[in-house]
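Working notes, beginning with the structure itself.
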Amino acid sequence: MPRRAGSAVVRNRLRRRLRAVMRELGDPARGPTFPSGDYLIRPRRNAASISFGRLREDAAAVLARVCGGGSS
C-alpha cells in the first residue's frame with residue numbers, strides 16, 4: 001500500500017477492508033466467483049474514504065471486466 005494513501009493506520013484499515021471485499025466476492029455461496037490466482041490491487045488515494053459497499057461494487061466491476069465478464 002503506497003504511503004500516499006495515508007498514515008499507517010489508514011493504510012492498514014484499507015488493507016483489511018480490501019481483504020474483506022475480496023473474501024466476500026470470492027465466496028461461492030454469494031454468487032459468481034472469479035478465477036483463483038494472485039491479484040494486484042492498487043487503490044487510489046480516496047479509496048480509504050469511501051464506504052465498504054462502494055468499495056465492494058467497484059471491486060466487483062473491475063473483477064468482472066478483468067475476468068472477461070464485462071465490456072471495456
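Letters for chains follow the order of the C-alpha cells (A, B, ...), residue numbers begin at 1 for each chain, and ligand numbers begin at 1 in the order shown.
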Residue neighbourhood stretch 39-45 of chain A, 12 Å, only C-alpha atoms, exclusion window fewer than 4 positions, as a list of chain:residue names: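 In the requested format, the answer is A:Met1, A:Pro2, A:Arg3, A:Arg4, A:Ala5, A:Gly6, A:Ser7, A:Val10, A:Arg11, A:Leu14, A:Arg15, A:Arg17, A:Leu18, A:Arg19, A:Val21, A:Met22, A:Phe34, A:Pro35, A:Ser49, A:Ile50, A:Leu55, A:Asp58, A:Ala59, A:Val62, A:Leu63, A:Val66, A:Cys67.
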All helix (DSSP H, G or I) positions in chain A, as number ranges by chain: A: 3-5, 8-25, 28-30, 45-49, 52-66
Expected file: the selected residues, C-alpha atoms, as a tab-separated table (two decimals), in the first residue's frame:
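Output (part.tsv):
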```tsv
chain	number	residue	atom	x	y	z
A	3	ARG	CA	2.24	5.93	1.65
A	4	ARG	CA	0.23	8.46	-0.29
A	5	ALA	CA	-2.89	6.54	0.82
A	8	ALA	CA	-0.03	3.58	8.68
A	9	VAL	CA	-3.37	3.31	10.48
A	10	VAL	CA	-5.29	4.36	7.36
A	11	ARG	CA	-3.28	2.04	5.09
A	12	ASN	CA	-3.81	-0.94	7.40
A	13	ARG	CA	-7.54	-0.25	7.66
A	14	LEU	CA	-7.77	-0.05	3.87
A	15	ARG	CA	-5.79	-3.28	3.53
A	16	ARG	CA	-8.19	-5.06	5.90
A	17	ARG	CA	-11.23	-3.69	4.07
A	18	LEU	CA	-9.86	-4.81	0.69
A	19	ARG	CA	-9.17	-8.29	2.03
A	20	ALA	CA	-12.73	-8.49	3.36
A	21	VAL	CA	-14.11	-7.37	-0.02
A	22	MET	CA	-12.10	-9.98	-1.89
A	23	ARG	CA	-13.10	-12.69	0.59
A	24	GLU	CA	-16.76	-11.71	0.17
A	25	LEU	CA	-16.55	-11.61	-3.63
A	28	PRO	CA	-19.26	-19.18	-3.92
A	29	ALA	CA	-22.40	-19.04	-1.74
A	30	ARG	CA	-22.85	-15.34	-2.56
A	45	ARG	CA	-5.86	7.96	-2.88
A	46	ASN	CA	-9.53	8.35	-1.98
A	47	ALA	CA	-10.17	4.60	-1.53
A	48	ALA	CA	-9.80	4.89	2.25
A	49	SER	CA	-12.65	7.39	2.46
A	52	PHE	CA	-17.50	-0.52	2.22
A	53	GLY	CA	-20.44	-1.06	-0.13
A	54	ARG	CA	-18.98	1.24	-2.75
A	55	LEU	CA	-15.57	-0.44	-2.39
A	56	ARG	CA	-17.25	-3.82	-2.95
A	57	GLU	CA	-19.18	-2.56	-6.01
A	58	ASP	CA	-16.05	-1.07	-7.56
A	59	ALA	CA	-14.02	-4.23	-6.92
A	60	ALA	CA	-16.76	-6.41	-8.40
A	61	ALA	CA	-16.92	-4.23	-11.52
A	62	VAL	CA	-13.16	-4.35	-12.00
A	63	LEU	CA	-13.04	-8.11	-11.49
A	64	ALA	CA	-15.87	-8.61	-13.99
A	65	ARG	CA	-14.01	-6.54	-16.54
A	66	VAL	CA	-10.65	-8.22	-15.93
```
